[in-house]
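Trainee: Contents of final03.cif (mmCIF, C-alpha atoms and all ligand atoms) are given next:
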data_final
#
loop_
_atom_site.label_atom_id
_atom_site.label_comp_id
_atom_site.auth_asym_id
_atom_site.auth_seq_id
_atom_site.Cartn_x
_atom_site.Cartn_y
_atom_site.Cartn_z
CA MET W 27 84.52 105.25 90.41
CA LEU W 28 80.98 105.24 91.67
CA CYS W 29 81.14 108.60 93.46
CA LEU W 30 82.87 110.51 90.66
CA GLY W 31 81.79 112.51 87.67
CA LYS W 32 78.62 114.15 88.92
CA SER W 33 77.82 117.75 88.01
CA SER W 34 77.94 120.29 90.86
CA GLU W 35 74.13 120.80 90.68
CA ALA W 36 73.58 117.05 91.00
CA LEU W 37 75.99 116.96 93.92
CA GLU W 38 74.27 119.89 95.68
CA LYS W 39 70.96 118.07 95.32
CA GLU W 40 72.54 114.88 96.63
CA VAL W 41 73.94 116.64 99.72
CA SER W 42 70.57 118.23 100.46
CA THR W 43 68.77 114.87 100.03
CA ARG W 44 71.31 113.28 102.35
CA ASN W 45 70.62 115.94 105.00
CA GLN W 46 66.90 115.20 104.73
CA ASP W 47 67.62 111.46 105.03
CA ASP W 48 69.71 112.06 108.17
CA HIS W 49 66.79 114.01 109.61
CA ALA W 50 64.42 111.13 108.82
CA ILE W 51 66.79 108.71 110.56
CA MET W 52 66.75 110.89 113.68
CA ILE W 53 62.96 110.78 113.76
CA ILE W 54 62.54 107.04 113.08
CA LYS W 55 65.24 106.19 115.69
CA LYS W 56 66.25 102.65 114.84
CA ARG W 57 66.58 100.23 117.75
CA ARG W 58 70.27 99.98 118.59
CA PRO W 59 72.09 96.63 118.48
CA ARG W 60 72.91 95.11 121.87
CA TYR W 61 76.23 93.78 123.10
CA GLY W 62 77.10 91.68 126.12
CA GLY W 63 79.03 93.33 129.01
CA THR W 64 79.65 97.02 129.48
CA HIS W 65 81.88 97.75 126.49
CA PRO W 66 81.60 96.88 122.80
CA ARG W 67 84.18 94.25 121.89
CA SER W 68 83.86 93.57 118.20
CA PHE W 69 84.18 96.10 115.38
CA GLN W 70 80.50 95.75 114.43
CA GLU W 71 79.39 96.49 118.02
CA LYS W 72 81.15 99.86 117.92
CA TYR W 73 78.09 101.33 116.27
CA LYS W 74 78.42 104.66 118.10
CA GLU W 75 81.93 105.17 116.74
CA LEU W 76 80.82 104.08 113.29
CA ASP W 77 78.12 106.75 113.23
CA PRO W 78 80.02 110.00 113.95
CA ASN W 79 77.11 112.26 113.01
CA ARG W 80 74.94 110.93 115.83
CA TYR W 81 77.47 110.27 118.59
CA ARG W 82 79.84 113.26 118.57
CA SER W 83 80.42 113.48 122.33
CA GLU W 84 81.08 109.71 122.70
CA ILE W 85 83.61 109.93 119.90
CA GLN W 86 85.28 112.98 121.45
CA LYS W 87 85.79 110.95 124.66
CA ILE W 88 87.46 108.13 122.69
CA VAL W 89 89.81 110.62 120.99
CA GLU W 90 90.63 112.24 124.36
CA ALA W 91 91.55 108.79 125.71
CA GLY W 92 94.24 108.53 122.97
CA LYS W 93 92.29 106.07 120.81
CA THR W 94 91.10 106.18 117.23
CA PRO W 95 87.33 105.75 116.93
CA ALA W 96 86.40 102.71 114.81
CA GLY W 97 85.79 103.56 111.16
CA SER W 98 87.87 106.75 111.25
CA HIS W 99 91.49 107.87 110.97
CA ARG W 100 93.48 110.69 112.58
CA PRO W 101 95.85 112.55 110.25
CA VAL W 102 99.48 112.24 111.33
CA CYS W 103 101.95 115.18 111.49
CA LEU W 104 99.16 117.45 110.24
CA ASN W 105 100.70 120.73 111.47
CA GLU W 106 104.16 119.80 110.23
CA ILE W 107 102.78 118.91 106.78
CA LEU W 108 100.74 122.12 106.53
CA LYS W 109 103.85 124.11 107.47
CA ILE W 110 105.95 122.40 104.78
CA LEU W 111 103.38 122.51 101.98
CA ALA W 112 102.04 125.98 102.93
CA PRO W 113 98.81 125.60 100.90
CA LYS W 114 97.25 128.87 99.70
CA PRO W 115 94.08 129.86 97.82
CA GLY W 116 94.21 128.88 94.15
CA ASP W 117 96.75 126.03 94.55
CA LEU W 118 96.33 122.69 92.83
CA ALA W 119 97.00 120.01 95.45
CA ILE W 120 97.31 116.27 95.03
CA ASP W 121 96.68 113.82 97.83
CA ALA W 122 98.11 110.52 96.58
CA THR W 123 96.61 108.54 99.49
CA VAL W 124 93.42 110.35 100.46
CA GLY W 125 92.29 107.71 103.04
CA TYR W 126 89.81 109.22 105.52
CA GLY W 127 90.48 112.67 104.05
CA GLY W 128 92.01 114.16 107.23
CA HIS W 129 94.93 115.86 105.46
CA ALA W 130 92.81 116.50 102.36
CA LEU W 131 90.13 118.45 104.24
CA GLU W 132 92.66 120.70 105.98
CA ILE W 133 94.39 121.39 102.66
CA LEU W 134 91.03 122.06 100.97
CA ASN W 135 90.17 124.60 103.67
CA ARG W 136 93.34 126.50 102.74
CA ILE W 137 93.43 126.26 98.93
CA THR W 138 89.82 127.32 98.40
CA PRO W 139 88.45 129.51 96.98
CA GLY W 140 90.02 128.99 93.61
CA GLY W 141 92.08 125.88 94.31
CA GLN W 142 91.42 122.21 93.73
CA LEU W 143 92.50 118.98 95.40
CA ILE W 144 92.74 115.76 93.40
CA GLY W 145 92.66 112.70 95.63
CA PHE W 146 93.74 109.14 94.86
CA ASP W 147 93.25 105.90 96.75
CA LEU W 148 93.16 102.21 95.94
CA ASP W 149 90.41 101.42 98.42
CA ARG W 150 87.15 101.90 96.52
CA ASP W 151 84.92 101.31 99.59
CA GLU W 152 86.62 103.83 101.87
CA LEU W 153 87.18 106.34 99.06
CA CYS W 154 83.46 106.44 98.35
CA LYS W 155 82.69 107.21 102.03
CA THR W 156 85.45 109.84 102.13
CA GLU W 157 84.18 111.51 99.00
CA ASN W 158 80.71 111.72 100.53
CA ARG W 159 82.15 113.25 103.73
CA ILE W 160 84.16 115.82 101.76
CA ARG W 161 81.11 116.74 99.64
CA ALA W 162 79.04 117.09 102.83
CA ALA W 163 81.69 119.53 104.10
CA GLY W 164 80.81 121.69 101.09
CA PHE W 165 83.55 120.82 98.57
CA LEU W 166 82.00 120.09 95.18
CA THR W 167 83.72 118.94 91.98
CA ASP W 168 85.22 122.36 91.25
CA SER W 169 87.35 122.00 94.41
CA PHE W 170 87.63 118.22 94.96
CA VAL W 171 87.76 115.22 92.66
CA SER W 172 88.89 111.71 93.49
CA PHE W 173 90.05 108.68 91.59
CA ARG W 174 90.23 105.08 92.64
CA ALA W 175 93.69 104.50 91.29
CA ASN W 176 97.17 103.46 92.28
CA TYR W 177 99.34 106.51 93.01
CA SER W 178 101.92 105.10 90.64
CA HIS W 179 99.50 106.10 87.84
CA ILE W 180 99.08 109.78 88.78
CA PRO W 181 100.85 111.16 85.65
CA GLN W 182 98.49 109.20 83.36
CA MET W 183 95.47 110.45 85.31
CA LEU W 184 96.72 114.05 85.15
CA SER W 185 97.31 113.85 81.40
CA SER W 186 93.62 113.02 81.03
CA LEU W 187 92.95 116.24 83.02
CA LYS W 188 94.77 118.49 80.51
CA ASN W 189 98.20 117.79 82.06
CA LYS W 190 97.70 119.92 85.13
CA LYS W 191 100.74 120.41 87.40
CA ALA W 192 100.43 120.61 91.16
CA GLN W 193 101.84 123.14 93.61
CA LEU W 194 101.68 120.59 96.38
CA LEU W 195 101.66 116.83 96.74
CA ILE W 196 101.19 114.68 99.81
CA ALA W 197 101.52 110.92 100.25
CA ASP W 198 100.77 109.29 103.61
CA LEU W 199 101.80 105.69 103.02
CA GLY W 200 100.48 102.39 104.31
CA LEU W 201 97.12 101.75 105.88
CA SER W 202 94.37 103.85 107.39
CA SER W 203 92.90 103.04 110.79
CA MET W 204 89.58 102.10 109.14
CA GLN W 205 91.39 99.38 107.20
CA ILE W 206 93.41 98.10 110.18
CA ASP W 207 90.44 98.00 112.55
CA ASN W 208 87.99 96.25 110.25
CA PRO W 209 88.46 92.49 110.81
CA ALA W 210 86.86 91.74 107.44
CA ARG W 211 89.89 93.30 105.69
CA GLY W 212 92.32 90.84 107.31
CA PHE W 213 95.11 93.36 108.01
CA SER W 214 95.31 92.96 111.77
CA TYR W 215 96.91 90.10 113.69
CA LYS W 216 94.97 91.22 116.75
CA VAL W 217 91.52 90.20 115.50
CA ALA W 218 90.30 87.07 113.74
CA GLY W 219 89.16 87.54 110.18
CA PRO W 220 89.68 86.30 106.63
CA LEU W 221 93.33 86.53 105.53
CA ASP W 222 92.69 89.10 102.81
CA MET W 223 95.01 92.18 103.10
CA ARG W 224 94.06 93.72 99.75
CA LEU W 225 94.07 97.54 99.75
CA ASP W 226 91.62 97.37 96.89
CA PRO W 227 88.94 94.96 98.12
CA LYS W 228 88.44 93.89 94.49
CA GLY W 229 92.17 93.55 93.81
CA ASP W 230 93.65 90.51 92.09
CA ARG W 231 95.22 88.49 94.86
CA SER W 232 94.54 88.15 98.58
CA ALA W 233 97.11 87.02 101.16
CA THR W 234 95.43 83.58 101.21
CA GLN W 235 95.99 83.30 97.46
CA LEU W 236 99.56 84.53 97.76
CA LEU W 237 100.32 81.80 100.31
CA ARG W 238 98.92 79.23 97.88
CA SER W 239 101.27 80.26 95.10
CA VAL W 240 104.52 81.07 96.90
CA SER W 241 107.45 78.72 97.66
CA GLU W 242 108.95 78.44 101.16
CA ARG W 243 112.14 80.16 99.96
CA ALA W 244 110.23 83.03 98.33
CA LEU W 245 108.10 83.48 101.45
CA GLY W 246 111.25 83.66 103.59
CA LYS W 247 112.59 86.42 101.31
CA ILE W 248 109.27 88.34 101.59
CA LEU W 249 109.38 88.20 105.40
CA GLU W 250 113.02 89.22 105.48
CA LYS W 251 112.97 91.98 102.85
CA ASN W 252 109.56 93.53 103.52
CA GLY W 253 109.44 93.05 107.28
CA ASP W 254 113.12 92.93 108.41
CA GLU W 255 112.14 89.72 110.22
CA ILE W 256 115.25 88.00 111.63
CA PHE W 257 113.55 84.60 111.98
CA ALA W 258 112.13 84.70 108.45
CA VAL W 259 113.50 81.25 107.51
CA GLU W 260 112.02 79.45 110.54
CA ILE W 261 108.68 81.25 110.25
CA ALA W 262 108.40 80.62 106.48
CA LYS W 263 109.10 76.91 107.08
CA ALA W 264 106.37 76.66 109.75
CA ILE W 265 103.85 78.58 107.63
CA MET W 266 104.42 76.36 104.59
CA GLU W 267 104.24 73.16 106.68
CA ARG W 268 100.79 74.23 107.90
CA GLN W 269 99.83 75.45 104.47
CA ARG W 270 100.55 72.00 102.99
CA LYS W 271 98.29 70.32 105.56
CA ARG W 272 95.47 72.83 105.24
CA PRO W 273 95.52 76.20 103.40
CA ILE W 274 95.80 79.16 105.80
CA GLN W 275 92.70 81.29 105.27
CA THR W 276 92.33 83.33 108.45
CA THR W 277 94.43 85.85 110.38
CA ASP W 278 94.37 83.73 113.55
CA ALA W 279 95.59 80.65 111.65
CA LEU W 280 98.52 82.74 110.36
CA VAL W 281 99.29 84.03 113.87
CA GLU W 282 99.43 80.40 115.11
CA ALA W 283 101.70 79.36 112.24
CA ILE W 284 104.10 82.27 112.95
CA GLN W 285 104.16 81.36 116.64
CA SER W 286 104.83 77.69 115.88
CA GLY W 287 107.83 78.78 113.76
CA LEU W 288 109.19 80.81 116.68
CA ASN W 289 108.65 77.86 119.04
CA THR W 290 111.06 75.74 116.96
CA LEU W 291 113.96 78.08 117.75
CA PRO W 292 116.66 76.67 120.09
CA PRO W 293 116.51 78.05 123.68
CA LYS W 294 119.43 80.48 123.23
CA MET W 295 117.70 82.02 120.20
CA GLN W 296 114.40 82.30 122.09
CA LYS W 297 115.98 85.19 124.02
CA LEU W 298 116.02 87.21 120.80
CA VAL W 299 112.32 86.68 120.13
CA ASP W 300 110.21 89.75 120.77
CA ASP W 301 106.49 90.20 120.44
CA LYS W 302 106.92 92.12 117.19
CA SER W 303 107.57 89.16 114.85
CA THR W 304 103.86 88.68 114.20
CA ARG W 305 103.40 92.36 113.37
CA ARG W 306 106.45 92.33 111.08
CA CYS W 307 105.26 89.19 109.24
CA PHE W 308 101.78 90.64 108.69
CA GLN W 309 103.32 93.86 107.39
CA ALA W 310 105.65 91.95 105.07
CA LEU W 311 102.82 89.89 103.58
CA ARG W 312 100.62 92.98 103.11
CA ILE W 313 103.43 94.75 101.25
CA ALA W 314 103.81 91.72 98.97
CA VAL W 315 100.06 91.30 98.37
CA ASN W 316 99.74 94.94 97.26
CA GLU W 317 103.20 95.22 95.61
CA GLU W 318 103.70 98.35 97.70
CA PHE W 319 107.42 98.87 97.04
CA ARG W 320 106.89 98.66 93.29
CA SER W 321 104.17 101.34 93.48
CA LEU W 322 106.30 103.54 95.75
CA ASP W 323 109.36 103.33 93.46
CA LEU W 324 107.26 104.34 90.45
CA PHE W 325 105.60 107.17 92.40
CA LEU W 326 108.98 108.54 93.53
CA LYS W 327 110.24 108.46 89.95
CA ASN W 328 107.11 110.32 88.77
CA ILE W 329 107.09 113.16 91.33
CA PRO W 330 109.05 115.66 89.17
CA SER W 331 106.50 115.23 86.36
CA ILE W 332 103.55 115.77 88.75
CA LEU W 333 104.78 119.01 90.34
CA ALA W 334 104.88 122.52 88.88
CA PRO W 335 108.22 124.41 89.17
CA GLY W 336 108.77 125.27 92.85
CA GLY W 337 106.13 122.68 93.86
CA LYS W 338 106.54 120.79 97.13
CA VAL W 339 106.02 117.17 98.15
CA ALA W 340 105.68 115.73 101.67
CA ILE W 341 105.80 111.97 102.26
CA LEU W 342 104.94 110.17 105.50
CA THR W 343 106.33 106.66 105.90
CA PHE W 344 105.75 104.07 108.59
CA HIS W 345 108.65 101.65 108.27
CA SER W 346 112.30 101.62 107.33
CA GLY W 347 111.85 99.99 103.88
CA GLU W 348 109.64 102.89 102.79
CA ASP W 349 111.76 105.62 104.37
CA ARG W 350 114.98 104.29 102.77
CA ARG W 351 113.35 104.55 99.33
CA VAL W 352 112.07 108.09 99.91
CA LYS W 353 115.42 109.27 101.30
CA LYS W 354 117.35 107.78 98.36
CA ALA W 355 114.99 109.25 95.76
CA PHE W 356 115.09 112.75 97.31
CA GLN W 357 118.88 112.74 97.78
CA GLY W 358 119.41 111.47 94.21
CA GLY W 359 117.03 114.13 92.84
CA HIS W 360 118.81 116.85 94.83
CA ARG W 361 122.25 115.80 93.55
CA ALA W 362 120.89 115.71 89.99
CA GLY W 363 119.57 119.27 90.36
CA ILE W 364 115.90 118.18 90.02
CA TYR W 365 115.04 119.19 93.57
CA PHE W 366 115.99 122.68 94.70
CA ASP W 367 115.89 121.68 98.37
CA ILE W 368 115.13 118.58 100.47
CA ALA W 369 114.66 117.72 104.16
CA ASN W 370 118.08 117.17 105.73
CA GLU W 371 116.63 115.36 108.69
CA ILE W 372 113.59 113.14 109.23
CA ILE W 373 110.71 114.98 110.88
CA ARG W 374 108.91 112.97 113.55
CA PRO W 375 105.58 113.48 115.30
CA SER W 376 105.84 115.42 118.56
CA PRO W 377 105.66 113.54 121.90
CA GLU W 378 102.25 115.22 122.45
CA GLU W 379 100.95 113.81 119.16
CA ILE W 380 102.27 110.32 119.92
CA TYR W 381 100.67 110.51 123.36
CA SER W 382 97.30 111.49 121.93
CA ASN W 383 97.57 109.17 118.89
CA PRO W 384 99.91 106.22 119.51
CA ARG W 385 99.45 105.11 115.89
CA ALA W 386 101.63 108.06 114.88
CA LYS W 387 104.62 106.60 116.74
CA SER W 388 106.58 105.12 113.83
CA ALA W 389 105.86 107.95 111.36
CA LYS W 390 108.74 109.62 109.51
CA LEU W 391 108.19 112.70 107.38
CA ARG W 392 110.40 113.90 104.51
CA TRP W 393 109.89 116.67 101.99
CA ALA W 394 111.37 117.99 98.77
CA LYS W 395 110.95 121.15 96.69
CA LEU W 396 111.17 121.02 92.91
CA LYS W 397 113.45 123.45 91.08
C1 LIG X 401 97.60 106.27 106.07
S1 LIG X 401 96.23 106.21 104.98
C2 LIG X 401 96.01 107.89 104.49
C3 LIG X 401 95.28 108.71 105.50
C4 LIG X 401 94.98 110.13 105.08
N1 LIG X 401 96.16 110.91 104.90
C5 LIG X 401 94.05 110.81 106.06
O1 LIG X 401 94.42 111.83 106.64
O2 LIG X 401 92.94 110.30 106.26
C6 LIG X 401 96.93 105.50 103.55
C7 LIG X 401 95.97 105.31 102.41
O3 LIG X 401 96.75 105.03 101.25
C8 LIG X 401 96.05 104.14 100.43
N2 LIG X 401 97.06 103.51 99.55
C9 LIG X 401 98.06 102.68 99.89
N3 LIG X 401 98.79 102.35 98.81
C10 LIG X 401 98.25 103.02 97.76
C11 LIG X 401 98.57 103.11 96.38
N4 LIG X 401 99.60 102.44 95.85
N5 LIG X 401 97.82 103.91 95.59
C12 LIG X 401 96.77 104.61 96.11
N6 LIG X 401 96.42 104.55 97.42
C13 LIG X 401 97.14 103.77 98.23
C14 LIG X 401 95.38 103.19 101.41
O4 LIG X 401 94.28 102.55 100.82
C15 LIG X 401 94.99 104.15 102.54
O5 LIG X 401 93.70 104.61 102.37
#
Do you think you could lay out the structure here as structure tokens?
Ligand SMILES: C[S@@+](CC[C@H](N)C(=O)[O-])C[C@H]1O[C@@H](n2cnc3c(N)ncnc32)[C@H](O)[C@@H]1O
Mentor:
Amino acid sequence: MLCLGKSSEALEKEVSTRNQDDHAIMIIKKRRPRYGGTHPRSFQEKYKELDPNRYRSEIQKIVEAGKTPAGSHRPVCLNEILKILAPKPGDLAIDATVGYGGHALEILNRITPGGQLIGFDLDRDELCKTENRIRAAGFLTDSFVSFRANYSHIPQMLSSLKNKKAQLLIADLGLSSMQIDNPARGFSYKVAGPLDMRLDPKGDRSATQLLRSVSERALGKILEKNGDEIFAVEIAKAIMERQRKRPIQTTDALVEAIQSGLNTLPPKMQKLVDDKSTRRCFQALRIAVNEEFRSLDLFLKNIPSILAPGGKVAILTFHSGEDRRVKKAFQGGHRAGIYFDIANEIIRPSPEEIYSNPRAKSAKLRWAKLK
């Protein structure tokens, strides 16, 4: 990991050099890019949002309007998670999905002095930016370290760190807003871009490659199992018909193929079509590309070996396939006497949070406390 493994002196020097660089940028004042019309339309034109240090008040207005500024992410159920995990000075915390670092920073503020947060993420590009932001907030390697790694490998990573055990563990599953909003990552059906969908931009197999190697039957199963898509068979057929004529390489080509599958449904079935099929199919493919359920199952199995006695874990999920797995693992662990206590009910974001951050809408939070 490019950003890891520097001594604290080197990091202090780096932060101070960065501050000087920022100052130099203010003085030189680069000419800003222009866009047609009154509002930026494409991700690249949102340069004000992508430069939070220079455009604080513009970004505040976007947040107040219930939107997420491009290139950032708003932590979901933050207060609920802080209440459950109750971080305190000296704790060792693990953030399995550090993302933009929203939860991580709030936890760091509470476990320091004396504590440390170890962050994991698969996305090397975003993790590097997050690490820089966290360093700039004053957290050096004694309080924050990060690894570009799958959270299913946390026990192996901890054994290389003298087998430390954590008092608290958080996992906020799925995608960050930076990943969804960036068309180059190919996660969103709303914007045209390459059909990539890899959480690790250097990962083995993109969605385009997956479509090249999968059979129609296997694709149908992916759409059904990972996305709960009721028209999985018809959509898989249409996608593979297009794929045979010309490989699907862009998000808009996939959207068209999904739509053409829905158009083949008989009129009485058309009544059952809602506008969510495209979203469900994109989600299903992304889960398959990144083998997300496999990672989650391994992570859930590993939790008792990551936590210290009495340690707590909080997991945020964003669709039923994830929540079912978390619920089953916690209930099984409770029955087996591994967990002392678990959440009886799902915790959901408050109406106020959903109003101010609609992306929080489908979040479900569960927790468990180790014996
Ligand atoms: C919802 S975001 C986390 C946001 C974060 N809590 C915050 O407040 O900024 C989910 C993150 O998990 C990462 N991720 C997803 N699957 C992963 C895995 N198996 N291992 C490590 N990171 C993963 C994604 O790359 C993404 O950055």
Trainee: Using all atoms listed in the file, tabulate the residues of chain W lying at most 6 Å from any atom of ligand LIG 401 (chain X), each with its closest atom pair and that distance in Å to one decimal, by chain and increasing residue number, as JSON lines.
Mentor:
{"residue": "W:His99", "atom": "CA", "partner": "X:LIG401", "partner_atom": "O2", "distance": 5.5}
{"residue": "W:Pro101", "atom": "CA", "partner": "X:LIG401", "partner_atom": "O1", "distance": 3.9}
{"residue": "W:Thr123", "atom": "CA", "partner": "X:LIG401", "partner_atom": "O3", "distance": 3.9}
{"residue": "W:Val124", "atom": "CA", "partner": "X:LIG401", "partner_atom": "C4", "distance": 4.9}
{"residue": "W:Gly125", "atom": "CA", "partner": "X:LIG401", "partner_atom": "O5", "distance": 3.5}
{"residue": "W:Tyr126", "atom": "CA", "partner": "X:LIG401", "partner_atom": "O2", "distance": 3.4}
{"residue": "W:Gly127", "atom": "CA", "partner": "X:LIG401", "partner_atom": "O2", "distance": 4.1}
{"residue": "W:Gly128", "atom": "CA", "partner": "X:LIG401", "partner_atom": "O1", "distance": 3.4}
{"residue": "W:His129", "atom": "CA", "partner": "X:LIG401", "partner_atom": "O1", "distance": 4.2}
{"residue": "W:Phe146", "atom": "CA", "partner": "X:LIG401", "partner_atom": "C12", "distance": 5.6}
{"residue": "W:Asp147", "atom": "CA", "partner": "X:LIG401", "partner_atom": "N6", "distance": 3.5}
{"residue": "W:Leu148", "atom": "CA", "partner": "X:LIG401", "partner_atom": "N6", "distance": 4.3}
{"residue": "W:Asp149", "atom": "CA", "partner": "X:LIG401", "partner_atom": "O4", "distance": 4.7}
{"residue": "W:Ala175", "atom": "CA", "partner": "X:LIG401", "partner_atom": "C12", "distance": 5.7}
{"residue": "W:Asn176", "atom": "CA", "partner": "X:LIG401", "partner_atom": "N5", "distance": 3.4}
{"residue": "W:Tyr177", "atom": "CA", "partner": "X:LIG401", "partner_atom": "N5", "distance": 4.0}
{"residue": "W:Asp198", "atom": "CA", "partner": "X:LIG401", "partner_atom": "C1", "distance": 5.0}
{"residue": "W:Leu199", "atom": "CA", "partner": "X:LIG401", "partner_atom": "C6", "distance": 4.9}
{"residue": "W:Gly200", "atom": "CA", "partner": "X:LIG401", "partner_atom": "C6", "distance": 4.8}
{"residue": "W:Leu201", "atom": "CA", "partner": "X:LIG401", "partner_atom": "C6", "distance": 4.4}
{"residue": "W:Ser202", "atom": "CA", "partner": "X:LIG401", "partner_atom": "S1", "distance": 3.9}
{"residue": "W:Leu225", "atom": "CA", "partner": "X:LIG401", "partner_atom": "O4", "distance": 5.1}
{"residue": "W:Ser321", "atom": "CA", "partner": "X:LIG401", "partner_atom": "N4", "distance": 5.3}
Trainee: Counting all atoms listed in the file, which of W:Ala197, W:Ile206, W:Leu166, W:Ile144 gets nearest to Ser98 of chain W?
Mentor: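 That would be W:Ile206, the residue with the smallest distance to Ser98 of chain W.
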Trainee: Nearest residue to Tyr215 of chain W out of W:Glu378, W:Glu250, W:Asp121, W:Asp278, using all atoms listed in the file?
Mentor: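 Closest candidate: W:Asp278.
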Trainee: Skip Lys387 of chain W itself and residues of its chain fewer than 3 positions away, then list as a PyMOL selection string all residues within 10 Å of it, counting all atoms listed in the file.
Mentor: chain W and resi 102+344+374-377+379-381+383-384+390
Trainee: To one decimal place, how far is atom CA of Glu267 of chain W from atom CA of Lys302 of chain W in Å?
Mentor: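 Atom CA of Lys302 of chain W lies 21.8 Å from atom CA of Glu267 of chain W.
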Trainee: Which one is closest to Lys263 of chain W: W:Ile180, W:Val217, W:Ala334, W:Leu245? Count all atoms listed in the file.
Mentor: W:Leu245
Trainee: Tell me, in Å to one decimal, how far atom CA of Ser331 of chain W is from atom CA of Ile373 of chain W.
Mentor: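 If I compute the distance from atom CA of Ser331 of chain W to atom CA of Ile373 of chain W, I get 24.9 Å.
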Trainee: Name all residues at most 9 Å from Lys216 of chain W (count only C-alpha atoms; drop same-chain ones fewer than 5 positions away) and give them as a list in words.
Mentor: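 In the requested form, the answer reads Pro209, Thr277, Asp278 and Val281 of chain W.
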Trainee: How big is the axis-aligned box around the listed atoms of segment 250-255 of chain W once 6 Å is added on each side, and where is its centre? Give both in Å to one decimal, as JSON.
Mentor:
{"center_x": 111.3, "center_y": 91.4, "center_z": 106.5, "size_x": 15.7, "size_y": 16.3, "size_z": 19.4}
Trainee: Of the candidates W:His179, W:Ser388, W:Thr94, W:Leu221, which shows the shortest atom-to-atom distance to Asp323 of chain W, using all atoms listed in the file?
Mentor: W:His179
Trainee: Can you patch up segment 248-262 of chain W, filling it in to N, CA and C atoms, and show the result as an mmCIF file, in the coordinates of the input?
Mentor:
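Listing of selection_6.cif after writing:
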data_model
loop_
_atom_site.group_PDB
_atom_site.id
_atom_site.type_symbol
_atom_site.label_atom_id
_atom_site.label_comp_id
_atom_site.auth_asym_id
_atom_site.auth_seq_id
_atom_site.Cartn_x
_atom_site.Cartn_y
_atom_site.Cartn_z
ATOM 1 N N ILE W 248 110.294 87.294 101.354
ATOM 2 C CA ILE W 248 109.270 88.340 101.590
ATOM 3 C C ILE W 248 109.333 88.809 103.038
ATOM 4 N N LEU W 249 109.388 87.840 103.976
ATOM 5 C CA LEU W 249 109.380 88.200 105.400
ATOM 6 C C LEU W 249 110.648 88.973 105.774
ATOM 7 N N GLU W 250 111.751 88.573 105.156
ATOM 8 C CA GLU W 250 113.020 89.220 105.480
ATOM 9 C C GLU W 250 113.094 90.619 104.849
ATOM 10 N N LYS W 251 112.786 90.694 103.561
ATOM 11 C CA LYS W 251 112.970 91.980 102.850
ATOM 12 C C LYS W 251 111.896 92.999 103.199
ATOM 13 N N ASN W 252 110.642 92.562 103.284
ATOM 14 C CA ASN W 252 109.560 93.530 103.520
ATOM 15 C C ASN W 252 109.319 93.813 104.995
ATOM 16 N N GLY W 253 109.762 92.877 105.862
ATOM 17 C CA GLY W 253 109.440 93.050 107.280
ATOM 18 C C GLY W 253 110.664 93.131 108.176
ATOM 19 N N ASP W 254 111.879 92.990 107.615
ATOM 20 C CA ASP W 254 113.120 92.930 108.410
ATOM 21 C C ASP W 254 113.012 91.866 109.501
ATOM 22 N N GLU W 255 112.347 90.754 109.207
ATOM 23 C CA GLU W 255 112.140 89.720 110.220
ATOM 24 C C GLU W 255 113.384 88.834 110.320
ATOM 25 N N ILE W 256 113.992 88.761 111.533
ATOM 26 C CA ILE W 256 115.250 88.000 111.630
ATOM 27 C C ILE W 256 115.016 86.480 111.628
ATOM 28 N N PHE W 257 113.815 86.045 111.999
ATOM 29 C CA PHE W 257 113.550 84.600 111.980
ATOM 30 C C PHE W 257 112.708 84.207 110.763
ATOM 31 N N ALA W 258 112.930 84.910 109.659
ATOM 32 C CA ALA W 258 112.130 84.700 108.450
ATOM 33 C C ALA W 258 112.177 83.244 107.979
ATOM 34 N N VAL W 259 113.354 82.619 108.031
ATOM 35 C CA VAL W 259 113.500 81.250 107.510
ATOM 36 C C VAL W 259 112.648 80.285 108.329
ATOM 37 N N GLU W 260 112.764 80.377 109.657
ATOM 38 C CA GLU W 260 112.020 79.450 110.540
ATOM 39 C C GLU W 260 110.513 79.692 110.398
ATOM 40 N N ILE W 261 110.119 80.948 110.321
ATOM 41 C CA ILE W 261 108.680 81.250 110.250
ATOM 42 C C ILE W 261 108.117 80.796 108.892
ATOM 43 N N ALA W 262 108.871 81.037 107.816
ATOM 44 C CA ALA W 262 108.400 80.620 106.480
ATOM 45 C C ALA W 262 108.229 79.096 106.439
#
